[in-house]
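Asks: Data file query.txt (compact mmCIF, C-alpha atoms and all ligand atoms) is appended below.
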# COMPACT_ATOMS: atom_id res chain seq x y z
CA MET A 61 19.25 -9.26 -56.54
CA GLY A 62 20.82 -6.09 -57.98
CA VAL A 63 24.35 -5.07 -57.22
CA PHE A 64 23.19 -2.01 -55.20
CA ASP A 65 20.62 -3.90 -53.11
CA PRO A 66 22.95 -4.61 -50.13
CA LEU A 67 23.90 -0.93 -50.06
CA LEU A 68 20.24 0.13 -50.11
CA GLU A 69 19.46 -2.26 -47.25
CA LEU A 70 22.39 -0.85 -45.28
CA LEU A 71 21.17 2.72 -45.82
CA ARG A 72 17.65 1.73 -44.81
CA GLY A 73 18.99 0.20 -41.57
CA LEU A 74 21.08 3.29 -40.85
CA GLY A 75 18.04 5.48 -41.53
CA THR A 76 16.07 3.57 -38.87
CA THR A 77 18.98 3.94 -36.42
CA PHE A 78 19.16 7.71 -36.95
CA LYS A 79 15.39 8.06 -36.64
CA MET A 80 15.36 6.21 -33.31
CA ALA A 81 18.35 8.23 -32.07
CA LEU A 82 16.27 11.42 -32.36
CA ASP A 83 13.28 9.94 -30.44
CA LYS A 84 12.73 10.75 -26.74
CA PRO A 85 14.36 7.96 -24.63
CA VAL A 86 11.91 5.61 -22.87
CA THR A 87 14.38 4.44 -20.23
CA TYR A 88 13.76 5.52 -16.62
CA GLN A 89 16.87 6.19 -14.54
CA TYR A 90 15.67 4.00 -11.66
CA PRO A 91 16.06 4.30 -8.67
CA GLU A 92 16.55 8.09 -8.97
CA GLU A 93 13.60 8.33 -11.36
CA LYS A 94 10.50 6.25 -10.67
CA ARG A 95 8.04 5.08 -13.28
CA PRO A 96 4.49 6.40 -12.65
CA VAL A 97 2.02 3.59 -12.00
CA ARG A 98 -1.48 3.11 -13.42
CA PRO A 99 -4.43 4.47 -11.37
CA ARG A 100 -5.59 0.93 -10.47
CA PHE A 101 -2.11 -0.40 -9.68
CA ARG A 102 -1.94 -2.52 -6.53
CA GLY A 103 1.36 -2.21 -4.72
CA ARG A 104 2.55 -2.50 -1.16
CA HIS A 105 -0.12 -2.06 1.53
CA VAL A 106 -0.40 1.05 3.69
CA LEU A 107 -2.25 1.28 7.01
CA LYS A 108 -4.02 4.63 6.86
CA ARG A 109 -4.68 7.22 9.55
CA TYR A 110 -7.45 9.80 9.99
CA GLU A 111 -6.61 13.48 9.52
CA ASN A 112 -6.20 13.82 13.30
CA GLY A 113 -3.52 11.10 13.25
CA LEU A 114 -5.56 8.31 14.87
CA GLU A 115 -5.17 4.93 13.19
CA LYS A 116 -8.06 3.80 11.01
CA CYS A 117 -7.45 0.13 11.82
CA ILE A 118 -9.68 -1.16 14.64
CA GLY A 119 -8.21 -4.66 14.74
CA CYS A 120 -11.41 -6.39 13.57
CA SER A 121 -9.52 -9.02 11.49
CA LEU A 122 -12.02 -8.86 8.60
CA CYS A 123 -9.09 -8.35 6.22
CA ALA A 124 -7.42 -11.49 7.55
CA ALA A 125 -10.67 -13.45 7.13
CA ALA A 126 -11.07 -12.22 3.54
CA CYS A 127 -7.48 -12.95 2.51
CA PRO A 128 -7.40 -16.03 0.25
CA ALA A 129 -3.67 -16.50 0.82
CA ASP A 130 -3.84 -16.35 4.63
CA ALA A 131 -1.19 -13.63 4.49
CA ILE A 132 -2.51 -11.31 7.23
CA PHE A 133 -2.17 -11.73 10.98
CA VAL A 134 -3.99 -9.34 13.31
CA GLU A 135 -4.08 -9.21 17.09
CA ALA A 136 -6.36 -6.65 18.76
CA SER A 137 -6.08 -4.87 22.13
CA GLU A 138 -8.27 -2.46 24.07
CA ASN A 139 -8.04 1.32 23.61
CA THR A 140 -8.40 3.72 26.54
CA ASP A 141 -8.74 7.51 26.43
CA GLU A 142 -5.39 7.69 28.26
CA LYS A 143 -3.70 5.60 25.59
CA ARG A 144 -5.65 5.78 22.35
CA PHE A 145 -4.49 4.38 19.01
CA SER A 146 -7.75 4.39 17.05
CA PRO A 147 -11.39 5.44 17.55
CA GLY A 148 -13.62 2.89 19.28
CA GLU A 149 -12.92 0.02 21.62
CA ARG A 150 -10.05 -1.77 19.98
CA TYR A 151 -6.93 -1.26 17.89
CA ALA A 152 -4.50 -3.60 16.14
CA SER A 153 -1.65 -4.24 18.57
CA THR A 154 -0.10 -6.59 16.01
CA TYR A 155 -0.62 -6.30 12.27
CA GLU A 156 1.53 -8.32 9.91
CA ILE A 157 1.40 -9.15 6.21
CA ASN A 158 3.50 -11.93 4.75
CA MET A 159 4.45 -10.47 1.38
CA LEU A 160 5.64 -13.86 0.13
CA ARG A 161 2.06 -15.10 0.38
CA CYS A 162 0.26 -11.98 -0.87
CA ILE A 163 -1.15 -12.19 -4.38
CA TYR A 164 -2.22 -8.50 -4.47
CA CYS A 165 -5.87 -9.36 -5.04
CA GLY A 166 -7.12 -6.41 -2.96
CA PHE A 167 -9.71 -8.47 -1.04
CA CYS A 168 -8.33 -7.12 2.26
CA GLU A 169 -8.95 -3.58 1.03
CA ASP A 170 -12.54 -4.43 0.05
CA ALA A 171 -13.29 -6.16 3.37
CA CYS A 172 -12.05 -3.36 5.63
CA PRO A 173 -14.95 -1.42 7.27
CA THR A 174 -12.82 1.68 7.97
CA GLU A 175 -10.75 1.80 4.75
CA ALA A 176 -7.66 1.32 6.90
CA ILE A 177 -5.75 -1.07 4.66
CA VAL A 178 -5.03 0.21 1.18
CA LEU A 179 -2.86 -1.19 -1.58
CA GLY A 180 -0.65 1.73 -2.51
CA ASP A 181 1.68 2.57 -5.38
CA ASN A 182 4.93 1.33 -3.84
CA TYR A 183 6.40 -1.50 -5.90
CA GLU A 184 9.81 -1.54 -4.22
CA LEU A 185 9.53 -4.89 -2.51
CA SER A 186 12.76 -6.75 -2.06
CA PHE A 187 14.07 -8.86 0.77
CA TYR A 188 16.99 -11.20 1.28
CA ASP A 189 15.42 -13.66 3.72
CA ARG A 190 11.95 -15.00 4.52
CA ARG A 191 11.71 -13.17 7.84
CA SER A 192 12.14 -9.76 6.15
CA ALA A 193 9.17 -10.57 3.88
CA ILE A 194 6.85 -10.17 6.89
CA TYR A 195 5.86 -6.50 7.00
CA THR A 196 4.94 -5.35 10.49
CA LYS A 197 2.47 -2.67 11.58
CA GLU A 198 5.32 -0.20 12.10
CA MET A 199 6.44 -0.72 8.50
CA LEU A 200 2.91 -0.44 7.07
CA LEU A 201 1.54 2.46 9.12
CA GLU A 202 1.29 5.82 7.41
CA PRO A 203 3.75 8.36 8.87
CA VAL A 204 2.41 11.38 10.79
CA PRO A 205 3.27 14.97 9.80
CA SER A 206 3.88 16.13 13.40
CA VAL A 207 4.84 14.62 16.78
CA GLU A 208 1.50 15.59 18.40
CA MET A 209 -0.31 13.34 15.93
CA THR A 210 1.49 10.12 16.88
CA THR A 211 -0.29 7.18 18.47
CA PRO A 212 -0.88 6.21 21.23
CA ARG A 213 -1.92 9.49 22.74
CA LYS A 214 -4.17 10.89 25.48
CA VAL A 215 -7.50 12.19 24.19
CA GLU A 216 -10.55 13.92 25.65
CA PRO A 217 -12.73 11.28 27.37
CA GLY A 218 -15.81 10.04 25.52
CA VAL A 219 -15.09 11.67 22.15
CA PHE A 220 -13.74 8.79 20.07
CA THR A 221 -16.35 6.14 20.83
CA ARG A 222 -17.32 5.04 17.31
CA SER A 223 -15.11 2.40 15.69
CA VAL A 224 -16.59 2.85 12.24
CA PRO A 225 -17.13 6.45 11.08
CA GLU A 226 -20.61 7.56 10.11
CA MET A 227 -21.06 7.39 6.36
CA LYS A 228 -22.64 10.35 4.59
CA ASP A 229 -24.09 8.05 1.97
CA PRO A 230 -24.27 4.32 2.80
CA GLN A 231 -24.45 3.58 -0.96
CA ASP A 232 -21.08 5.30 -1.41
S1 LIG A 301 -3.99 -8.30 -1.35
FE1 LIG A 301 -5.09 -10.28 -1.27
S2 LIG A 301 -3.53 -11.78 -0.82
FE2 LIG A 301 -2.63 -9.80 -0.35
S3 LIG A 301 -3.00 -9.53 1.83
FE3 LIG A 301 -4.71 -8.57 0.75
S4 LIG A 301 -6.30 -10.16 0.61
FE4 LIG A 301 -4.36 -11.17 1.13
S1 LIG A 302 -7.23 -3.31 8.35
FE1 LIG A 302 -9.43 -3.04 8.37
S2 LIG A 302 -10.29 -5.12 8.22
FE2 LIG A 302 -8.14 -5.31 8.82
S3 LIG A 302 -8.16 -5.43 11.05
FE3 LIG A 302 -7.84 -3.27 10.49
S4 LIG A 302 -9.92 -2.39 10.46
FE4 LIG A 302 -10.19 -4.62 10.39
Rewrite the structure from the file as structure tokens, please.
Replies:
Amino acid sequence: MGVFDPLLELLRGLGTTFKMALDKPVTYQYPEEKRPVRPRFRGRHVLKRYENGLEKCIGCSLCAAACPADAIFVEASENTDEKRFSPGERYASTYEINMLRCIYCGFCEDACPTEAIVLGDNYELSFYDRRSAIYTKEMLLEPVPSVEMTTPRKVEPGVFTRSVPEMKDPQD
């Protein structure tokens, strides 16, 4: 080893430090700044609505049947035109997901005939006790842009009779 070797190593190290100091920082200032997720990311579930504000969920429990972790609990009740939550006969009066059980497999999403349950991009899941890990329908339901679009609401009789919307292309 030459007498200048330690000095050269030191300069090489400092060179790397200076080079990195000029690079764009990769740190996100969470929670003010959120990291964008990948297109196929599976985060917290959302219960979707139609454009008119009616809930897509018809309380059929197919998502609960498909769930390998038995994380979903659904209870259905009857819709009326005076008090309508979703198109068709029934709506989910109770919809709960136990996030401690969920493995984010997306089977519930695949099983849903109305595309009501969707795994979204929200990864902010934290709770301090087991009870808070159970997400209720109120927590999962998509918000409405205006008060007139809330559910339940009175609708014109005989209009919203189909539970599952007609598909343009059944292969879709
Ligand atoms: S993502 Fe999978 S484990 Fe989680 S609720 Fe849906 S089906 Fe169950
Ligand atoms: S989310 Fe979909 S599969 Fe689950 S109960 Fe509602 S309509 Fe049925």
Asks: Would you mind reading off the distance between atom CA of A:Thr211 and atom S3 of ligand LIG 301 (chain A), one decimal, in Å?
Replies: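 Value for the atom CA of A:Thr211-atom S3 of ligand LIG 301 (chain A) distance: 23.7 Å.
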Asks: Which residues of chain A have any atom within 6 Å of an atom in ligand LIG 302 (chain A) when counting all atoms listed in the file, and what is the closest pair of atoms for each, with the distance in Å to one decimal? Order the rows by chain and rising number and write it as JSON lines.
Replies:
{"residue": "A:Cys117", "atom": "CA", "partner": "A:LIG302", "partner_atom": "FE3", "distance": 3.7}
{"residue": "A:Ile118", "atom": "CA", "partner": "A:LIG302", "partner_atom": "S4", "distance": 4.4}
{"residue": "A:Gly119", "atom": "CA", "partner": "A:LIG302", "partner_atom": "S3", "distance": 3.8}
{"residue": "A:Cys120", "atom": "CA", "partner": "A:LIG302", "partner_atom": "FE4", "distance": 3.8}
{"residue": "A:Ser121", "atom": "CA", "partner": "A:LIG302", "partner_atom": "S3", "distance": 3.9}
{"residue": "A:Leu122", "atom": "CA", "partner": "A:LIG302", "partner_atom": "S2", "distance": 4.1}
{"residue": "A:Cys123", "atom": "CA", "partner": "A:LIG302", "partner_atom": "S2", "distance": 4.0}
{"residue": "A:Ala171", "atom": "CA", "partner": "A:LIG302", "partner_atom": "S2", "distance": 5.8}
{"residue": "A:Cys172", "atom": "CA", "partner": "A:LIG302", "partner_atom": "S2", "distance": 3.6}
{"residue": "A:Pro173", "atom": "CA", "partner": "A:LIG302", "partner_atom": "FE1", "distance": 5.9}
{"residue": "A:Thr174", "atom": "CA", "partner": "A:LIG302", "partner_atom": "S4", "distance": 5.6}
{"residue": "A:Ala176", "atom": "CA", "partner": "A:LIG302", "partner_atom": "S1", "distance": 4.9}
{"residue": "A:Ile177", "atom": "CA", "partner": "A:LIG302", "partner_atom": "S1", "distance": 4.6}
Asks: So, with all atoms listed in the file as the atoms that count, which of A:Pro205, A:Val134, A:Tyr151, A:Glu142 lies closest to ligand LIG 301 (chain A)?
Replies: A:Val134
Asks: Looking at only C-alpha atoms and all ligand atoms, which of A:Leu185, A:Cys127, A:Met227, A:Val204 is the one that sits closest to ligand LIG 301 (chain A)?
Replies: A:Cys127
Asks: Would you write out, as a tab-separated table, a table of all residues in chain A that have an atom no more than 9 Å from an atom of ligand LIG 301 (chain A), listing for each the closest atom pair and the distance in Å to one decimal, considering all atoms listed in the file and ordering rows by chain and rising residue number?
Replies:
residue	atom	partner	partner_atom	distance
A:Arg102	CA	A:LIG301	S1	8.0
A:Gly103	CA	A:LIG301	S1	8.8
A:Arg104	CA	A:LIG301	S1	8.7
A:His105	CA	A:LIG301	S1	7.9
A:Cys123	CA	A:LIG301	S4	6.5
A:Ala124	CA	A:LIG301	FE4	7.1
A:Ala125	CA	A:LIG301	S4	8.5
A:Ala126	CA	A:LIG301	S4	6.0
A:Cys127	CA	A:LIG301	S4	3.6
A:Pro128	CA	A:LIG301	FE4	5.8
A:Ala129	CA	A:LIG301	S2	5.0
A:Asp130	CA	A:LIG301	FE4	6.3
A:Ala131	CA	A:LIG301	S3	5.2
A:Ile132	CA	A:LIG301	S3	5.7
A:Ile157	CA	A:LIG301	S3	6.2
A:Asn158	CA	A:LIG301	S3	7.5
A:Met159	CA	A:LIG301	FE2	7.3
A:Arg161	CA	A:LIG301	S2	6.6
A:Cys162	CA	A:LIG301	FE2	3.7
A:Ile163	CA	A:LIG301	S2	4.3
A:Tyr164	CA	A:LIG301	S1	3.6
A:Cys165	CA	A:LIG301	FE1	4.0
A:Gly166	CA	A:LIG301	S1	4.0
A:Phe167	CA	A:LIG301	S4	4.1
A:Cys168	CA	A:LIG301	S4	4.0
A:Glu169	CA	A:LIG301	FE3	6.6
A:Asp170	CA	A:LIG301	S4	8.5
A:Ala171	CA	A:LIG301	S4	8.5
A:Ile177	CA	A:LIG301	FE3	8.5
A:Val178	CA	A:LIG301	FE3	8.8
A:Leu179	CA	A:LIG301	S1	7.2
Asks: As an exercise, work out the distance from atom CA of A:Tyr183 to atom CA of A:Pro85 in Å and give it to one decimal place.
Replies: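 Taking atom CA of A:Tyr183 as the start and atom CA of A:Pro85 as the end point, the length is 22.4 Å.
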Asks: How many Å lie between atom CA of A:Leu82 and atom CA of A:Asp65, rounded to one decimal?
Replies: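 For atom CA of A:Leu82 relative to atom CA of A:Asp65, the distance reads 26.2 Å.
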Asks: Using all atoms listed in the file, find the one residue out of A:Arg190, A:Arg98, A:Lys143, A:Lys197 that sits nearest to A:Leu160.
Replies: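 Using all atoms listed in the file, A:Leu160 sits closest to A:Arg190.
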Asks: Take the point (-10.0, 9.2, 12.9) as written in the file and pick out every residue within 10 Å of it, counting all atoms listed in the file; give the list as a list in words.
Replies: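 The distance filter leaves exactly Lys108, Arg109, Tyr110, Glu111, Asn112, Gly113, Leu114, Glu115, Lys116, Cys117, Phe145, Ser146, Pro147, Gly148, Thr174, Phe220, Arg222, Ser223, Val224 and Pro225 of chain A.
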Asks: Kindly provide, as lines of an AutoDock Vina configuration file, the centre and edge lengths (Å, one decimal) of an axis-aligned box around all atoms of stretch 217-224 of chain A given in the file, with 4 Å on each side.
Replies:
center_x = -15.0
center_y = 7.0
center_z = 19.8
size_x = 12.6
size_y = 17.3
size_z = 23.1
Asks: Looking at A:Glu149, A:Glu69, A:Glu135, A:Glu184, which one is nearest to A:Val219, with distances taken over only C-alpha atoms?
Replies: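 Among the listed residues, the smallest separation from A:Val219 belongs to A:Glu149.
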Asks: Within 10 Å of (7.7, -6.3, 8.3) in the file's own coordinates, which protein, DNA or RNA residues have an atom, counting all atoms listed in the file? List them as number ranges by chain.
Replies: A: 155-159, 191-200
Asks: From the structure block, carefully write stretch 112-210 of chain A out with C-alpha atoms; format it as a PDB file, in the first residue's frame.
Replies:
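Generated file (selection.pdb):
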ATOM      1  CA  ASN A 112     -76.682   8.781 -10.095  1.00  0.00           C
ATOM      2  CA  GLY A 113     -75.478   8.062  -6.538  1.00  0.00           C
ATOM      3  CA  LEU A 114     -77.239   4.711  -6.049  1.00  0.00           C
ATOM      4  CA  GLU A 115     -75.075   2.058  -4.413  1.00  0.00           C
ATOM      5  CA  LYS A 116     -73.714  -0.642  -6.701  1.00  0.00           C
ATOM      6  CA  CYS A 117     -73.812  -3.268  -3.945  1.00  0.00           C
ATOM      7  CA  ILE A 118     -76.965  -5.414  -4.049  1.00  0.00           C
ATOM      8  CA  GLY A 119     -76.160  -7.455  -0.937  1.00  0.00           C
ATOM      9  CA  CYS A 120     -75.767 -10.754  -2.819  1.00  0.00           C
ATOM     10  CA  SER A 121     -72.884 -11.977  -0.578  1.00  0.00           C
ATOM     11  CA  LEU A 122     -70.914 -13.438  -3.501  1.00  0.00           C
ATOM     12  CA  CYS A 123     -67.860 -11.497  -2.295  1.00  0.00           C
ATOM     13  CA  ALA A 124     -68.210 -13.057   1.155  1.00  0.00           C
ATOM     14  CA  ALA A 125     -68.510 -16.533  -0.398  1.00  0.00           C
ATOM     15  CA  ALA A 126     -65.396 -15.967  -2.523  1.00  0.00           C
ATOM     16  CA  CYS A 127     -63.262 -14.599   0.308  1.00  0.00           C
ATOM     17  CA  PRO A 128     -60.687 -17.216   1.360  1.00  0.00           C
ATOM     18  CA  ALA A 129     -60.064 -15.449   4.668  1.00  0.00           C
ATOM     19  CA  ASP A 130     -63.736 -15.194   5.670  1.00  0.00           C
ATOM     20  CA  ALA A 131     -63.190 -11.469   6.156  1.00  0.00           C
ATOM     21  CA  ILE A 132     -66.476 -10.147   4.732  1.00  0.00           C
ATOM     22  CA  PHE A 133     -69.870 -10.065   6.419  1.00  0.00           C
ATOM     23  CA  VAL A 134     -72.931  -8.994   4.435  1.00  0.00           C
ATOM     24  CA  GLU A 135     -76.552  -8.708   5.504  1.00  0.00           C
ATOM     25  CA  ALA A 136     -79.150  -7.799   2.863  1.00  0.00           C
ATOM     26  CA  SER A 137     -82.490  -5.976   3.167  1.00  0.00           C
ATOM     27  CA  GLU A 138     -85.293  -5.115   0.761  1.00  0.00           C
ATOM     28  CA  ASN A 139     -85.295  -1.910  -1.301  1.00  0.00           C
ATOM     29  CA  THR A 140     -88.495   0.037  -1.968  1.00  0.00           C
ATOM     30  CA  ASP A 141     -89.000   2.958  -4.365  1.00  0.00           C
ATOM     31  CA  GLU A 142     -89.769   5.113  -1.305  1.00  0.00           C
ATOM     32  CA  LYS A 143     -86.464   4.193   0.304  1.00  0.00           C
ATOM     33  CA  ARG A 144     -84.003   3.033  -2.333  1.00  0.00           C
ATOM     34  CA  PHE A 145     -80.313   2.340  -1.726  1.00  0.00           C
ATOM     35  CA  SER A 146     -79.425   0.383  -4.866  1.00  0.00           C
ATOM     36  CA  PRO A 147     -81.104  -0.784  -8.089  1.00  0.00           C
ATOM     37  CA  GLY A 148     -83.063  -4.039  -7.841  1.00  0.00           C
ATOM     38  CA  GLU A 149     -84.686  -5.860  -4.964  1.00  0.00           C
ATOM     39  CA  ARG A 150     -82.043  -5.801  -2.287  1.00  0.00           C
ATOM     40  CA  TYR A 151     -79.211  -3.743  -0.841  1.00  0.00           C
ATOM     41  CA  ALA A 152     -76.528  -4.392   1.767  1.00  0.00           C
ATOM     42  CA  SER A 153     -77.904  -3.159   5.087  1.00  0.00           C
ATOM     43  CA  THR A 154     -74.701  -4.373   6.767  1.00  0.00           C
ATOM     44  CA  TYR A 155     -71.362  -4.653   5.015  1.00  0.00           C
ATOM     45  CA  GLU A 156     -68.225  -5.239   7.036  1.00  0.00           C
ATOM     46  CA  ILE A 157     -64.652  -6.221   6.216  1.00  0.00           C
ATOM     47  CA  ASN A 158     -62.277  -7.399   8.904  1.00  0.00           C
ATOM     48  CA  MET A 159     -58.997  -5.865   7.756  1.00  0.00           C
ATOM     49  CA  LEU A 160     -57.007  -8.051  10.149  1.00  0.00           C
ATOM     50  CA  ARG A 161     -58.138 -11.085   8.161  1.00  0.00           C
ATOM     51  CA  CYS A 162     -57.906  -9.617   4.654  1.00  0.00           C
ATOM     52  CA  ILE A 163     -54.975 -10.797   2.559  1.00  0.00           C
ATOM     53  CA  TYR A 164     -55.700  -8.379  -0.340  1.00  0.00           C
ATOM     54  CA  CYS A 165     -56.122 -11.187  -2.844  1.00  0.00           C
ATOM     55  CA  GLY A 166     -58.855  -9.346  -4.782  1.00  0.00           C
ATOM     56  CA  PHE A 167     -61.166 -12.397  -5.018  1.00  0.00           C
ATOM     57  CA  CYS A 168     -64.059 -10.300  -3.654  1.00  0.00           C
ATOM     58  CA  GLU A 169     -63.556  -7.821  -6.481  1.00  0.00           C
ATOM     59  CA  ASP A 170     -63.576 -10.606  -9.084  1.00  0.00           C
ATOM     60  CA  ALA A 171     -66.700 -12.252  -7.649  1.00  0.00           C
ATOM     61  CA  CYS A 172     -68.852  -9.114  -7.526  1.00  0.00           C
ATOM     62  CA  PRO A 173     -71.518  -9.069 -10.304  1.00  0.00           C
ATOM     63  CA  THR A 174     -71.963  -5.268 -10.165  1.00  0.00           C
ATOM     64  CA  GLU A 175     -68.322  -4.188  -9.661  1.00  0.00           C
ATOM     65  CA  ALA A 176     -69.380  -2.705  -6.336  1.00  0.00           C
ATOM     66  CA  ILE A 177     -66.377  -3.721  -4.252  1.00  0.00           C
ATOM     67  CA  VAL A 178     -63.044  -2.475  -5.521  1.00  0.00           C
ATOM     68  CA  LEU A 179     -59.607  -2.558  -3.948  1.00  0.00           C
ATOM     69  CA  GLY A 180     -58.462   1.037  -4.172  1.00  0.00           C
ATOM     70  CA  ASP A 181     -55.169   2.866  -3.758  1.00  0.00           C
ATOM     71  CA  ASN A 182     -55.504   3.784  -0.077  1.00  0.00           C
ATOM     72  CA  TYR A 183     -52.738   2.169   1.963  1.00  0.00           C
ATOM     73  CA  GLU A 184     -53.316   4.167   5.142  1.00  0.00           C
ATOM     74  CA  LEU A 185     -54.563   1.362   7.331  1.00  0.00           C
ATOM     75  CA  SER A 186     -53.792   1.691  10.990  1.00  0.00           C
ATOM     76  CA  PHE A 187     -55.792   0.870  14.068  1.00  0.00           C
ATOM     77  CA  TYR A 188     -55.098   0.641  17.771  1.00  0.00           C
ATOM     78  CA  ASP A 189     -57.546  -2.132  18.702  1.00  0.00           C
ATOM     79  CA  ARG A 190     -59.144  -5.147  17.026  1.00  0.00           C
ATOM     80  CA  ARG A 191     -62.605  -3.578  16.893  1.00  0.00           C
ATOM     81  CA  SER A 192     -61.331  -0.637  14.797  1.00  0.00           C
ATOM     82  CA  ALA A 193     -59.960  -3.117  12.234  1.00  0.00           C
ATOM     83  CA  ILE A 194     -63.541  -3.924  11.189  1.00  0.00           C
ATOM     84  CA  TYR A 195     -64.436  -1.462   8.426  1.00  0.00           C
ATOM     85  CA  THR A 196     -68.161  -0.825   8.197  1.00  0.00           C
ATOM     86  CA  LYS A 197     -70.280   0.040   5.159  1.00  0.00           C
ATOM     87  CA  GLU A 198     -70.258   3.723   6.151  1.00  0.00           C
ATOM     88  CA  MET A 199     -66.451   3.705   6.147  1.00  0.00           C
ATOM     89  CA  LEU A 200     -66.180   1.855   2.825  1.00  0.00           C
ATOM     90  CA  LEU A 201     -68.917   3.583   0.822  1.00  0.00           C
ATOM     91  CA  GLU A 202     -67.818   6.101  -1.779  1.00  0.00           C
ATOM     92  CA  PRO A 203     -68.821   9.668  -0.831  1.00  0.00           C
ATOM     93  CA  VAL A 204     -71.430  11.507  -2.923  1.00  0.00           C
ATOM     94  CA  PRO A 205     -70.719  14.882  -4.564  1.00  0.00           C
ATOM     95  CA  SER A 206     -74.101  16.398  -3.586  1.00  0.00           C
ATOM     96  CA  VAL A 207     -76.812  15.901  -0.938  1.00  0.00           C
ATOM     97  CA  GLU A 208     -79.469  14.911  -3.525  1.00  0.00           C
ATOM     98  CA  MET A 209     -77.365  11.888  -4.460  1.00  0.00           C
ATOM     99  CA  THR A 210     -77.296  10.317  -0.986  1.00  0.00           C
TER     100      THR A 210
END
